[in-house]
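Colleague: One structure coming up, written as structure tokens, with questions to follow.
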2 protein chains.
Amino acid sequence: MNAEIIAVGTELLLGQIANTNAQFLSAQLAEIGVNIYHHTVVGDNPARLKKAIVQAEERANLIIFTGGLGPTKDDLTKETIAQHLGKQLIIDEIAMQTILDYFDKTGRVMTANNKKQALVIEGGNVLPNEHGMAPGMFINAGSTYFMLLPGPPHEMQPMFRNYGRPAIEAEMGATEKIESLVLRYFGIGEAELAEKLSDIIDEQTNPTVAPLAGDGEVTLRITARHRQGSVARSMIKEMEEKVNLLVGEYFYGYDETSLMRELLKTLEEKKLTIAAAESLTGGLFQSEMTAVVGVSTMLIGGVVCYSNQSKLTLCNVKEETINKYGVVSEQCAIELAENIRSMLGTDIGISFTGAAGPDSLEGNPAGTVWIGISFKNQQPKSYLLKLAGSRNGNRKRSVKYGCYYLLQELQQR
Amino acid sequence: MNAEIIAVGTELLLGQIANTNAQFLSAQLAEIGVNIYHHTVVGDNPARLKKAIVQAEERANLIIFTGGLGPTKDDLTKETIAQHLGKQLIIDEIAMQTILDYFDKTGRVMTANNKKQALVIEGGNVLPNEHGMAPGMFINAGSTYFMLLPGPPHEMQPMFRNYGRPAIEAEMGATEKIESLVLRYFGIGEAELAEKLSDIIDEQTNPTVAPLAGDGEVTLRITARHRQGSVARSMIKEMEEKVNLLVGEYFYGYDETSLMRELLKTLEEKKLTIAAAESLTGGLFQSEMTAVVGVSTMLIGGVVCYSNQSKLTLCNVKEETINKYGVVSEQCAIELAENIRSMLGTDIGISFTGAAGPDSLEGNPAGTVWIGISFKNQQPKSYLLKLAGSRNGNRKRSVKYGCYYLLQELQQR
């Protein structure tokens, strides 16, 4: 089945809201193997909506509409589609009862406009709205299916999940299960990853392999289709192994995780505590760590030693170290990491010092960053980064690299 | 001018991301009076993209494309448009230099794919990309203008603001000037603000007054149109005065500022230094401060005292204070603020301690937060917050309140 999503609403064309409905529906439809080749947005204008329907009919056999089912004069989606299909609008008694109950319960005055919401297209199936007044519809119009959904996401999403998606699956006589898995990579660019995997990506059919870049990381989505879910899952497993033979060194986690979450998971498993001394990152590492619930058994605390003075006062860095090597130095990073660890008596100390930008610092170009990692009773480690982003891009990437290097260290133990 | 936005990218059709680019561009174009009647999304497929172009040409005289300018084989937007227009792709030397510099600086391996990003359509104007490698383009093709922008929002948005929008305005030879001003408020909800301003909002024509809520703040955009920019600006000024007669007590700044930026501006003007002790905010206050360029003369540093132990070790809080009053207490907040100020010898010390959530702490419900503010040679101040958000919502709002209260203190001096 090939679908097209048509969102109706002038508020989308004015940029007041983003079309998150199309995103939600696309992800849902991808899961059941429905292809989508187009999203369209039109305003509350019957003539333009009609043209969009005609175009969509030429290229899709399932057209899903969101929005335009409300009570106002502007809401004309079902009226336009009914006219296009040569069908009548009739009152849906259940929807009408929902509307009457609402006004009865709230004591509000019902207007003629509100009754309009109970109208549905004759001959279609009604999709109940459990979170609002406008029912949805699913209509089999010969070669094309039409599905009408309300615009507000909190009404549309449960309606689609509970009634819309099952109705589509029933029509498809769904024989195939679709499974997918997201693999997450760090320390490799999108272009480099795509090149290393070019043979796999060029040959892909089932499973499919799709790279996606974002926020300094690269993700890969593997999707497989098969009558049996278990077979689809083992097809994915096989592809994962093939992929990670080539880029496994950059792999760090599955699906909705992050480097910070993986790090915290590992610290928790190994029952390790951590403290941090942050110069250029200014508290970002600890703040991102604190964002996760349950971190208090792992993160003891740390310092934000943004100025040279605070490196001396708060973290006992030797004045000699700063005079001799500067603050953008391996020596300073190591002293910070070792001192914060011993001050707080933790298993691990981590430090970040460098030039976030836009200016250079001590002759080091913006983006030069030293990360120090100290383990109890062991030689400290240090890592040099040469970043090329904005000030805040560099700060964020430094935190990601800190998580990544520490994760690698911990996994080797 | 009538515009259409075509987003290119299979990741949009798979529901991996929402089309926020169309939202951003629509809002920007609405500000300069360009009408938009359609948004379209197509995948990385030249045939379907070509059809979308032909359709858009029938109904718009400005077509803006986002996405498909990257280095991979899937990225085919400029190739498809060049072919459609019968034009060649040529190397843009500035873009090529940016790419060479990036690989030189980071020491990464450049692939043939990356060079493809420096290609532009002949005869067009290049829109510089200050945050990435793919340049944008603006092409006058007879009756239709084509604008090509990169997909990642952090590259696209500044490119459009700085180069794309001015290029469109120049072509429109705009006869009416459109001026707008954003007023920012904190400590008042959107509904309350809208109610206080209901007479003004109901009567609005020119200037228009539009409230918008987001991120715990409320903003108000005043937009005026007039042949003369100076007249439009004084119409805005007049409206601003009318509005702030009613809600001025919550007003804190204009346009793209933030509470943190206003605080830093005030600290700079008054030549004051600051240090922070953060428990539940975990470094977020200092991290947000460090995000701003030039903060090093003001922020000396501080501690992240997430655990009770670190409050004692790093910030010399008396054990007795914690035993007697707990860490979610006015006493603890004040000691933290006073101690961090005296440890670092700054003019101001600020502290955050409380229960971020989801669990309660020491019998205090999640969202109970104490903020302490210490000034040299003065009685310390403390503020109690009772927040009702998520863990991270509460952390972020605590930081905003810290900035807000400190700003108020400083403005009264």
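Each chain of the structure tokens is named A, B, ... in the order shown, its residues numbered from 1; ligands are numbered from 1 in display order.
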I want to know what sits within 10 Å of range 80-84 of chain A, based on only C-alpha atoms, with residues of the same chain fewer than 4 positions away left out; could you give that as a ChimeraX atom specification?
Modeller: /A:45-47,49-50,53-54,65,75-76,88-89,120-122,146,148
Colleague: Write out as a PDB file with N, CA, C and O atoms, in the first residue's frame the residues lying within 8 Å of range 182-194 of chain B, counting only C-alpha atoms and excluding same-chain residues fewer than 4 positions away.
Modeller:
ATOM      1  N   SER B 198      -6.635  41.372  26.807  1.00  0.00           N
ATOM      2  CA  SER B 198      -7.684  40.941  25.870  1.00  0.00           C
ATOM      3  C   SER B 198      -8.244  42.091  25.039  1.00  0.00           C
ATOM      4  O   SER B 198      -8.501  41.927  23.845  1.00  0.00           O
ATOM      5  N   ILE B 201      -5.699  42.793  22.290  1.00  0.00           N
ATOM      6  CA  ILE B 201      -5.593  41.709  21.311  1.00  0.00           C
ATOM      7  C   ILE B 201      -6.842  41.654  20.429  1.00  0.00           C
ATOM      8  O   ILE B 201      -6.748  41.437  19.220  1.00  0.00           O
ATOM      9  N   PRO B 211       0.641  36.836  21.255  1.00  0.00           N
ATOM     10  CA  PRO B 211       1.374  36.174  22.343  1.00  0.00           C
ATOM     11  C   PRO B 211       1.779  34.759  21.933  1.00  0.00           C
ATOM     12  O   PRO B 211       1.109  34.109  21.141  1.00  0.00           O
ATOM     13  N   LEU B 212       2.905  34.306  22.471  1.00  0.00           N
ATOM     14  CA  LEU B 212       3.387  32.958  22.167  1.00  0.00           C
ATOM     15  C   LEU B 212       4.062  32.428  23.421  1.00  0.00           C
ATOM     16  O   LEU B 212       4.886  33.116  24.026  1.00  0.00           O
ATOM     17  N   ALA B 213       3.688  31.221  23.817  1.00  0.00           N
ATOM     18  CA  ALA B 213       4.272  30.643  25.033  1.00  0.00           C
ATOM     19  C   ALA B 213       5.326  29.620  24.668  1.00  0.00           C
ATOM     20  O   ALA B 213       5.266  29.007  23.610  1.00  0.00           O
ATOM     21  N   GLY B 216       8.481  27.991  29.513  1.00  0.00           N
ATOM     22  CA  GLY B 216       8.268  28.672  30.787  1.00  0.00           C
ATOM     23  C   GLY B 216       8.250  30.188  30.694  1.00  0.00           C
ATOM     24  O   GLY B 216       8.166  30.872  31.702  1.00  0.00           O
ATOM     25  N   GLU B 217       8.359  30.704  29.495  1.00  0.00           N
ATOM     26  CA  GLU B 217       8.311  32.155  29.321  1.00  0.00           C
ATOM     27  C   GLU B 217       7.151  32.498  28.392  1.00  0.00           C
ATOM     28  O   GLU B 217       6.620  31.647  27.700  1.00  0.00           O
ATOM     29  N   VAL B 218       6.767  33.764  28.377  1.00  0.00           N
ATOM     30  CA  VAL B 218       5.756  34.210  27.428  1.00  0.00           C
ATOM     31  C   VAL B 218       6.364  35.341  26.612  1.00  0.00           C
ATOM     32  O   VAL B 218       7.008  36.229  27.174  1.00  0.00           O
ATOM     33  N   THR B 219       6.180  35.291  25.320  1.00  0.00           N
ATOM     34  CA  THR B 219       6.654  36.389  24.493  1.00  0.00           C
ATOM     35  C   THR B 219       5.466  36.996  23.753  1.00  0.00           C
ATOM     36  O   THR B 219       4.447  36.340  23.542  1.00  0.00           O
ATOM     37  N   LEU B 220       5.647  38.235  23.386  1.00  0.00           N
ATOM     38  CA  LEU B 220       4.616  38.980  22.681  1.00  0.00           C
ATOM     39  C   LEU B 220       5.297  39.585  21.460  1.00  0.00           C
ATOM     40  O   LEU B 220       6.318  40.257  21.594  1.00  0.00           O
ATOM     41  N   ARG B 221       4.758  39.295  20.265  1.00  0.00           N
ATOM     42  CA  ARG B 221       5.347  39.904  19.073  1.00  0.00           C
ATOM     43  C   ARG B 221       4.443  41.029  18.589  1.00  0.00           C
ATOM     44  O   ARG B 221       3.269  40.816  18.299  1.00  0.00           O
ATOM     45  N   ILE B 222       5.018  42.227  18.495  1.00  0.00           N
ATOM     46  CA  ILE B 222       4.282  43.365  17.942  1.00  0.00           C
ATOM     47  C   ILE B 222       4.811  43.595  16.533  1.00  0.00           C
ATOM     48  O   ILE B 222       6.024  43.722  16.335  1.00  0.00           O
ATOM     49  N   VAL B 247       1.151  44.931  31.850  1.00  0.00           N
ATOM     50  CA  VAL B 247       1.922  43.744  32.257  1.00  0.00           C
ATOM     51  C   VAL B 247       3.414  44.031  32.413  1.00  0.00           C
ATOM     52  O   VAL B 247       4.223  43.101  32.454  1.00  0.00           O
ATOM     53  N   TYR B 250       6.194  42.152  34.580  1.00  0.00           N
ATOM     54  CA  TYR B 250       6.767  40.855  34.206  1.00  0.00           C
ATOM     55  C   TYR B 250       7.751  40.961  33.044  1.00  0.00           C
ATOM     56  O   TYR B 250       8.354  39.976  32.640  1.00  0.00           O
ATOM     57  N   PHE B 251       7.862  42.119  32.455  1.00  0.00           N
ATOM     58  CA  PHE B 251       8.723  42.311  31.282  1.00  0.00           C
ATOM     59  C   PHE B 251      10.199  42.249  31.667  1.00  0.00           C
ATOM     60  O   PHE B 251      10.606  42.786  32.684  1.00  0.00           O
ATOM     61  N   TYR B 252      11.009  41.549  30.853  1.00  0.00           N
ATOM     62  CA  TYR B 252      12.438  41.591  31.161  1.00  0.00           C
ATOM     63  C   TYR B 252      13.363  41.850  29.981  1.00  0.00           C
ATOM     64  O   TYR B 252      14.548  42.136  30.177  1.00  0.00           O
ATOM     65  N   GLY B 253      12.906  41.746  28.750  1.00  0.00           N
ATOM     66  CA  GLY B 253      13.849  42.007  27.656  1.00  0.00           C
ATOM     67  C   GLY B 253      13.218  41.903  26.274  1.00  0.00           C
ATOM     68  O   GLY B 253      12.063  41.508  26.122  1.00  0.00           O
ATOM     69  N   TYR B 254      14.024  42.261  25.286  1.00  0.00           N
ATOM     70  CA  TYR B 254      13.567  42.315  23.897  1.00  0.00           C
ATOM     71  C   TYR B 254      14.163  41.203  23.036  1.00  0.00           C
ATOM     72  O   TYR B 254      15.302  40.781  23.253  1.00  0.00           O
ATOM     73  N   ASP B 255      13.410  40.804  22.018  1.00  0.00           N
ATOM     74  CA  ASP B 255      13.887  39.956  20.924  1.00  0.00           C
ATOM     75  C   ASP B 255      14.603  38.696  21.392  1.00  0.00           C
ATOM     76  O   ASP B 255      14.094  37.992  22.226  1.00  0.00           O
ATOM     77  N   GLU B 256      15.811  38.445  20.879  1.00  0.00           N
ATOM     78  CA  GLU B 256      16.460  37.153  21.089  1.00  0.00           C
ATOM     79  C   GLU B 256      17.227  37.053  22.411  1.00  0.00           C
ATOM     80  O   GLU B 256      18.139  36.249  22.525  1.00  0.00           O
ATOM     81  N   TYR B 404      16.195  35.502  37.296  1.00  0.00           N
ATOM     82  CA  TYR B 404      15.146  36.514  37.426  1.00  0.00           C
ATOM     83  C   TYR B 404      15.251  37.252  38.764  1.00  0.00           C
ATOM     84  O   TYR B 404      15.245  38.487  38.813  1.00  0.00           O
TER      85      TYR B 404
END
Colleague: From the list A:Val292, A:Leu280, A:Ile274, A:Met137, which residue is nearest Thr257 in chain A when using only C-alpha atoms?
Modeller: A:Val292
Colleague: Excluding Ser180 in chain A and any residue of its chain fewer than 5 positions from it, enumerate the residues within 10 Å of it, using only C-alpha atoms, and give them as a VMD selection string.
Modeller: chain A and resid 30 to 31 207 to 209 221 to 225 232 to 233 236 255
Colleague: Could those residues be written to a file, using N, CA and C atoms, as a short mmCIF file (atom, residue, chain, number, x, y, z; two decimals), in the first residue's frame?
Modeller:
data_model
loop_
_atom_site.label_atom_id
_atom_site.label_comp_id
_atom_site.auth_asym_id
_atom_site.auth_seq_id
_atom_site.Cartn_x
_atom_site.Cartn_y
_atom_site.Cartn_z
N ALA A 30 5.36 3.25 8.63
CA ALA A 30 6.59 2.53 8.30
C ALA A 30 6.63 1.20 9.05
N GLU A 31 6.14 1.22 10.28
CA GLU A 31 6.15 0.00 11.09
C GLU A 31 5.31 -1.11 10.49
N PRO A 207 16.93 -6.84 4.70
CA PRO A 207 16.65 -5.58 5.41
C PRO A 207 17.16 -4.35 4.67
N THR A 208 16.55 -3.20 4.99
CA THR A 208 17.08 -1.93 4.50
C THR A 208 17.99 -1.34 5.59
N VAL A 209 18.95 -0.53 5.14
CA VAL A 209 19.92 0.10 6.04
C VAL A 209 19.98 1.58 5.72
N ARG A 221 19.48 2.88 10.82
CA ARG A 221 18.27 2.12 11.10
C ARG A 221 18.20 0.91 10.18
N ILE A 222 18.13 -0.28 10.77
CA ILE A 222 17.98 -1.51 9.99
C ILE A 222 16.53 -1.95 10.12
N THR A 223 15.87 -2.15 8.98
CA THR A 223 14.46 -2.55 8.97
C THR A 223 14.29 -3.81 8.14
N ALA A 224 13.62 -4.82 8.70
CA ALA A 224 13.42 -6.08 7.97
C ALA A 224 11.94 -6.44 7.96
N ARG A 225 11.52 -7.10 6.89
CA ARG A 225 10.12 -7.53 6.75
C ARG A 225 10.09 -9.05 6.55
N ALA A 232 12.26 -11.90 10.93
CA ALA A 232 12.63 -10.51 10.67
C ALA A 232 13.71 -10.08 11.65
N ARG A 233 13.54 -10.46 12.93
CA ARG A 233 14.52 -10.07 13.94
C ARG A 233 15.88 -10.72 13.69
N ILE A 236 17.69 -8.94 10.97
CA ILE A 236 18.30 -7.70 11.48
C ILE A 236 19.61 -8.01 12.19
N ASP A 255 18.89 2.06 19.73
CA ASP A 255 17.61 2.78 19.84
C ASP A 255 17.74 4.12 20.57
#
Colleague: Give me, as number ranges by chain, the residues of chain A touching chain B, with the criterion being at most 7 Å (counting only C-alpha atoms).
Modeller: A: 12-20, 23-24, 26-27, 30, 36-43, 191, 281-284, 286-287, 290-291, 296, 300-307, 310, 344, 386-388, 392
Colleague: Measure the distance from CA of Lys271 in chain A to CA of Tyr383 in chain A in Å and round it to one decimal.
Modeller: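 One can read the CA of Lys271 in chain A to CA of Tyr383 in chain A distance as 24.4 Å.
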Colleague: Env of Leu384 in chain B: 12 Å cut, atoms = only C-alpha atoms, seq-sep filter 2 positions within chain, self excluded. Answer as a ChimeraX atom specification.
Modeller: /B:328-331,333-334,351-355,364,367-373,381-382,386-387,398,401-402,405
Colleague: Return the single residue from B:Thr144, B:Ser360, B:Thr77, B:Gln379 that is closest to Ile348 in chain B, with distances computed using only C-alpha atoms.
Modeller: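 Among the listed residues, the smallest separation from Ile348 in chain B belongs to B:Gln379.
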Colleague: Excluding Asn129 in chain A and its own-chain neighbours fewer than 5 positions away, which residues fall within 8 Å of it when counting only C-alpha atoms? Please give them as an MDAnalysis selection string.
Modeller: chainID A and resid 134:136 155 159
Colleague: Just write the chosen residues, C-alpha atoms, as an mmCIF file, in the first residue's frame.
Modeller:
data_model
loop_
_atom_site.group_PDB
_atom_site.id
_atom_site.type_symbol
_atom_site.label_atom_id
_atom_site.label_comp_id
_atom_site.auth_asym_id
_atom_site.auth_seq_id
_atom_site.Cartn_x
_atom_site.Cartn_y
_atom_site.Cartn_z
ATOM 1 C CA ALA A 134 -14.780 15.117 16.109
ATOM 2 C CA PRO A 135 -14.968 11.462 14.998
ATOM 3 C CA GLY A 136 -12.551 10.127 12.386
ATOM 4 C CA GLU A 155 -6.908 13.270 19.780
ATOM 5 C CA MET A 159 -7.479 7.388 17.422
#
Colleague: Calculate how many Å separate CA of Glu179 in chain B from CA of Arg261 in chain B, rounding to one decimal.
Modeller: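 Rounded to one decimal, the two atoms are 23.3 Å apart.
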Colleague: Mind pulling up the distance from CA of Ile64 in chain B to CA of Ala3 in chain B?
Modeller: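 Atom-to-atom, CA of Ala3 in chain B to CA of Ile64 in chain B, that is 7.3 Å.
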Colleague: Looking only at the backbone, which of the residues in range 38-198 of chain A does DSSP tag as alpha helix (DSSP H), as an NGL selection string?
Modeller: :A and (46-59 or 77-85 or 93-106 or 112-116 or 153-159 or 165-172 or 190-196 or 198)
Colleague: Taking the DSSP secondary structure from the backbone, can you list the residues of range 41-244 of chain B that are strand (DSSP E), as an MDAnalysis selection string?
Modeller: chainID B and resid 41:42 62:66 89:91 119:121 125:127 136:141 144:149 177:185 208:214 217:226
Colleague: Within 12 Å of Asn140 in chain B, counting only C-alpha atoms, which residues qualify if same-chain residues fewer than 6 places away don't, as number ranges by chain?
Modeller: B: 61-63, 85, 121-125, 146-148, 167-168, 171
Colleague: For the selection you just gave me, I'd like the residues written to a file as a compact mmCIF listing (two decimals), in the first residue's frame, keeping N, CA, C and O atoms.
Modeller:
# COMPACT_ATOMS: atom_id res chain seq x y z
N ASN B 61 5.78 31.42 -7.29
CA ASN B 61 6.90 32.00 -8.02
C ASN B 61 8.18 32.06 -7.16
O ASN B 61 9.18 32.62 -7.58
N LEU B 62 8.11 31.46 -5.99
CA LEU B 62 9.32 31.27 -5.17
C LEU B 62 9.24 29.86 -4.60
O LEU B 62 8.28 29.54 -3.88
N ILE B 63 10.21 29.01 -4.95
CA ILE B 63 10.22 27.64 -4.42
C ILE B 63 11.45 27.50 -3.55
O ILE B 63 12.57 27.73 -4.00
N LEU B 85 16.58 22.85 -14.73
CA LEU B 85 16.76 24.19 -15.28
C LEU B 85 17.71 24.21 -16.47
O LEU B 85 17.95 25.26 -17.07
N ILE B 121 24.91 25.60 -8.45
CA ILE B 121 24.30 25.75 -9.78
C ILE B 121 24.80 27.04 -10.41
O ILE B 121 24.76 28.10 -9.78
N GLU B 122 25.28 26.96 -11.65
CA GLU B 122 25.86 28.14 -12.32
C GLU B 122 24.83 29.26 -12.46
O GLU B 122 23.65 29.01 -12.64
N GLY B 123 25.32 30.48 -12.33
CA GLY B 123 24.45 31.63 -12.54
C GLY B 123 23.61 32.02 -11.34
O GLY B 123 22.90 33.02 -11.38
N GLY B 124 23.68 31.25 -10.28
CA GLY B 124 22.91 31.60 -9.08
C GLY B 124 23.77 32.37 -8.10
O GLY B 124 24.99 32.48 -8.27
N ASN B 125 23.14 32.91 -7.06
CA ASN B 125 23.90 33.52 -5.98
C ASN B 125 24.11 32.48 -4.89
O ASN B 125 23.20 31.75 -4.54
N PHE B 146 14.29 30.11 -7.30
CA PHE B 146 14.58 28.87 -6.59
C PHE B 146 15.57 29.19 -5.48
O PHE B 146 16.59 29.83 -5.73
N MET B 147 15.26 28.74 -4.26
CA MET B 147 16.22 28.88 -3.18
C MET B 147 16.50 27.50 -2.60
O MET B 147 15.58 26.76 -2.27
N LEU B 148 17.80 27.15 -2.51
CA LEU B 148 18.19 25.85 -1.96
C LEU B 148 18.87 26.06 -0.62
O LEU B 148 19.84 26.82 -0.51
N ALA B 167 17.80 38.44 0.56
CA ALA B 167 17.79 38.29 -0.90
C ALA B 167 16.36 38.33 -1.43
O ALA B 167 16.07 38.96 -2.46
N ILE B 168 15.44 37.68 -0.72
CA ILE B 168 14.03 37.68 -1.15
C ILE B 168 13.46 39.09 -1.02
O ILE B 168 12.80 39.59 -1.94
N GLU B 171 14.49 41.24 -3.89
CA GLU B 171 13.78 40.95 -5.14
C GLU B 171 12.35 41.47 -5.11
O GLU B 171 11.80 41.86 -6.12
